[in-house]
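The structure under discussion appears below in the form of structure tokens.
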Amino acid sequence: MAEVSVQNITKSFGALKALDNITMEFPDGGFFALLGPSGSGKTTLLRAIAGFIFTDIGTIRIGEESVENIPVERRDIGMMFQNYALFPNMTVADNVGFGLRVRKVGAVEEKRRIGEALELVRLNQHGDRKPHQLSGGQRQRVALARAIVTNPRVLLLDEPLSALDKALRVDMQFELKRIQREIGITTIFVTHDQEEALTLSDKIGILRDGKMVQAGPPREVYNNPADLFAAEFLGEANILTGIVSDGADIKIPQTAAPNSTLAVRPESITISKDEPTGEAISKCKAVLERRVFAGAMATCVLKSHGRTIKVISRDQDIPQNVSEGEDLWLNWPVETTLIVPEV
Amino acid sequence: MRGTFLARLGKLWLACILFFLYAPILVMAFMSFNASQYYQLPFEFSLKWYEKLAGNSEIIDAATRSVGIALVTTLIATILGTAASVALFRFEFRGKRFLQIMLFPPIAIPWLITGTAMLIFFFGVGLGRGTPSVIIGHVALALPYVIVVVSARLATFDATLEEAARSLGADSWTVTRRVTLPWISSGIIAGALFAFAVSFDQFVVSYFLSEPGDSTLPVLIYTSIRKGFTPEINAVSTIIIVISMAVMLIAARFSNFGGER
């Protein structure tokens, strides 16, 4: 187990800067998410930490050791791949034991540790099977067991859950978190699923075009996005700029810098038929365009001064007898207003 | 109605092809068991041509030489071809595409031209005719086949398996031995069998490059025919065909020609 530290790393592929002066700290034992759209550099950053890519400049430390010039096979990491990359010609036990055999730990020790790892991922009955005899979720567990059995200093996961269907994905999120807590390994995972990043991680790094947009705990990033991209990528944000007149009263929080953009999260907004009252709220009028019922929650799409505003709330909290095209009032507490700095 | 008619026509077509392909070979094999030297019917079963063949040290020597050359060719071409395929798969380098394209013309260029060119070249560099020249020539002819077959197998290989092995601490040699080679082993075996067949059946290049009195079996057969045809040639040809067909059938099985696996 060790902390990982990435400082000012840059990597170019020809004219493309895949990583542009990235800095991020990954303290010991934490669970970290690298989040961004495709092409943002998140996978490149993970592969640079793993050692598949050598960076042009900057330092990468694992524990006390600078590893920029050390190839992947000597970095002592564990990695899980998007397609699991299980060796098709080997049994589950041989797959898990691969790293131990390379390290020549001895047959007895090897057997014991394979057993422990399979126990940890709850697959101890499946050691003799071949990968193609397993379900997607089971393969994923084998890949995880194989990655952690050598007690690596850091666990790297490349979109580990993206190949699973939704229900299984949620199960595996809990499972992954449980195992990570149990062994206390520093874990860095790449995802494009913002919900997954928010659910699992202690700290999120949002990347865009090879740059680190913002790094911080999920709640902090969610509530205080560094820029518009972060605000819109992590969750959804209704931009308030341009909504004026017609009795609109959008209060600017005192902490806002002069050039900030104001935005509000869909779940912060309350819909009412009558004009809301109260001191600490912002309000505006909007026309209901669509109302989508989805069980416990409902989503409303409204238009105000040409801007689309999305509201997510409990279905019962939306006035029941409203129809599409109707004029409604929106309000939200001033303190939920997002202040997004202009960058 | 129409469907069954077409299907029948197709079967007839296939039967014709197989007939023209194999009838001459079967006739030859048949005649190698006929006692008459002049192919006279009625057929009278006899193994005398095989007996005579067994006593013909010239043919036995040539056959042994052919097998030896084919084995050495197979060994060299398979190792070089597999290494080249893995390198072409694993690394990106300048001129890689060019190199890959340049591997194919030797398959398409007529062997007569290749043979002439090699003869001129080997005399030019002072190596001349002889078994070493024959082996070099055969390796050059067999190499593209090995690379094509092994590369086809590698194309189905998931490169992240190598990355996974490296992430687990395996060095380059361990990755190759434990992960890559097991996956492509069927391709390597098929490539080796192709290399053997190319060398063993090779006439043109061997004819140009072997020294007189030191010929391979196909060259010897050719020169014997010019002197006068004996059913001994039928006998030895039958043996070669049986061996070649066996090798090719095994090769086809390993290289997924039937689309199995």
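Chains: A, B, ... in order of the structure tokens. Residues: from 1 per chain. Ligands: from 1, in order shown.
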* To do: Find the residues of chain A in contact range of chain B, meaning any atom within 10 Å when counting only C-alpha atoms, and list them as a PyMOL selection string.
  => chain A and resi 50-52+71-90+95-103+143+146-150+152+156
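Nearest to Val27 (chain B) of all the residues B:Val125, B:Val149, B:Val139, B:Phe43 is B:Phe43, counting only C-alpha atoms.
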* region 213-215 of chain A environment, 10 Å, only C-alpha atoms, sequence neighbours closer than 5 positions dropped, as an NGL selection string -> :A and (22-25 or 32-36 or 203-208 or 220-221 or 224-227 or 229-230)
* **Nearest to Asp317 (chain A), chosen from A:Glu267, A:Glu289, A:Asp28, A:Asp209, with only C-alpha atoms counted in the distances** => A:Glu267
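All residues of protein, DNA or RNA that reach within 9 Å of Ser66 (chain B), judged by only C-alpha atoms and not counting those fewer than 3 positions away in the chain, are B:Asp61, B:Ala62, B:Ala63, B:Ile69, B:Ala70, B:Leu71, B:Ser199, B:Phe200, B:Asp201, B:Ser215, B:Thr216, B:Leu217, B:Pro218.
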Taking C-alpha atoms for each residue, export the selection above as a PDB file, in the first residue's frame.
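As written to disk, part-v5.pdb reads:
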```pdb
ATOM      1  CA  ASP B  61      19.453 -41.069 -50.675  1.00  0.00           C
ATOM      2  CA  ALA B  62      17.527 -38.352 -52.468  1.00  0.00           C
ATOM      3  CA  ALA B  63      14.469 -38.983 -50.308  1.00  0.00           C
ATOM      4  CA  ILE B  69      16.352 -30.323 -46.034  1.00  0.00           C
ATOM      5  CA  ALA B  70      12.620 -29.997 -45.367  1.00  0.00           C
ATOM      6  CA  LEU B  71      13.121 -30.460 -41.612  1.00  0.00           C
ATOM      7  CA  SER B 199      10.302 -27.431 -49.053  1.00  0.00           C
ATOM      8  CA  PHE B 200       9.536 -31.113 -49.549  1.00  0.00           C
ATOM      9  CA  ASP B 201       7.523 -30.551 -52.729  1.00  0.00           C
ATOM     10  CA  SER B 215      19.678 -33.788 -55.802  1.00  0.00           C
ATOM     11  CA  THR B 216      16.489 -33.808 -53.818  1.00  0.00           C
ATOM     12  CA  LEU B 217      13.790 -36.337 -54.539  1.00  0.00           C
ATOM     13  CA  PRO B 218      11.644 -34.216 -56.897  1.00  0.00           C
TER      14      PRO B 218
END
```
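Residue nearest Lys310 (chain A), chosen from A:Thr337, A:Thr186, A:Gln138, A:Thr270 and counting only C-alpha atoms: A:Thr270.
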* Would you mind listing what lies within 9 Å of Ser36 (chain B) as a list of chain:residue names, with only C-alpha atoms counted and same-chain residues fewer than 5 positions away left out? => B:Met31, B:Leu41, B:Phe43, B:Glu44, B:Ser46, B:Pro231
* **Residue contacts of Asn21 (chain A) (6 Å, only C-alpha atoms) excluding same-chain residues fewer than 5 positions away, as a list in words** => Asn8, Ile9 and Thr10 of chain A
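For the atom pair formed by CA of Gly216 (chain A) and CA of Leu200 (chain A), the distance is 13.5 Å, given to one decimal.
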* Determine, counting only C-alpha atoms, which protein, DNA and RNA residues have an atom within 7 Å of an atom of region 55-61 of chain A; residues of the same chain fewer than 3 positions away are not included. Present the result as a list in words. => Val4, Ser5, Val6, Gln7, Asn8, Ile9, Thr10, Lys11, Ala48, Ile49, Glu64, Glu65, Ser66, Val67 and Glu68 of chain A
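If you look at CA of Ala108 (chain B) and CA of Leu88 (chain B), they are 21.1 Å away from each other.
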* Asked: Would you give me, as a PyMOL selection string, the residues in region 64-269 of chain A that DSSP reads as strand (DSSP E or B)?
  -> chain A and resi 65-66+77-80+154-158+186-191+203-208+211-216+238-239+249+261-264
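Picture a line from CA of Ser12 (chain A) to CA of Phe189 (chain A); it runs 22.0 Å.
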* Filtered DSSP result for region 88-228 of chain A, state helix (DSSP H, G or I), as a PyMOL selection string -> chain A and resi 92-102+107-120+131-133+136-148+166-183+194-200+218-223+228
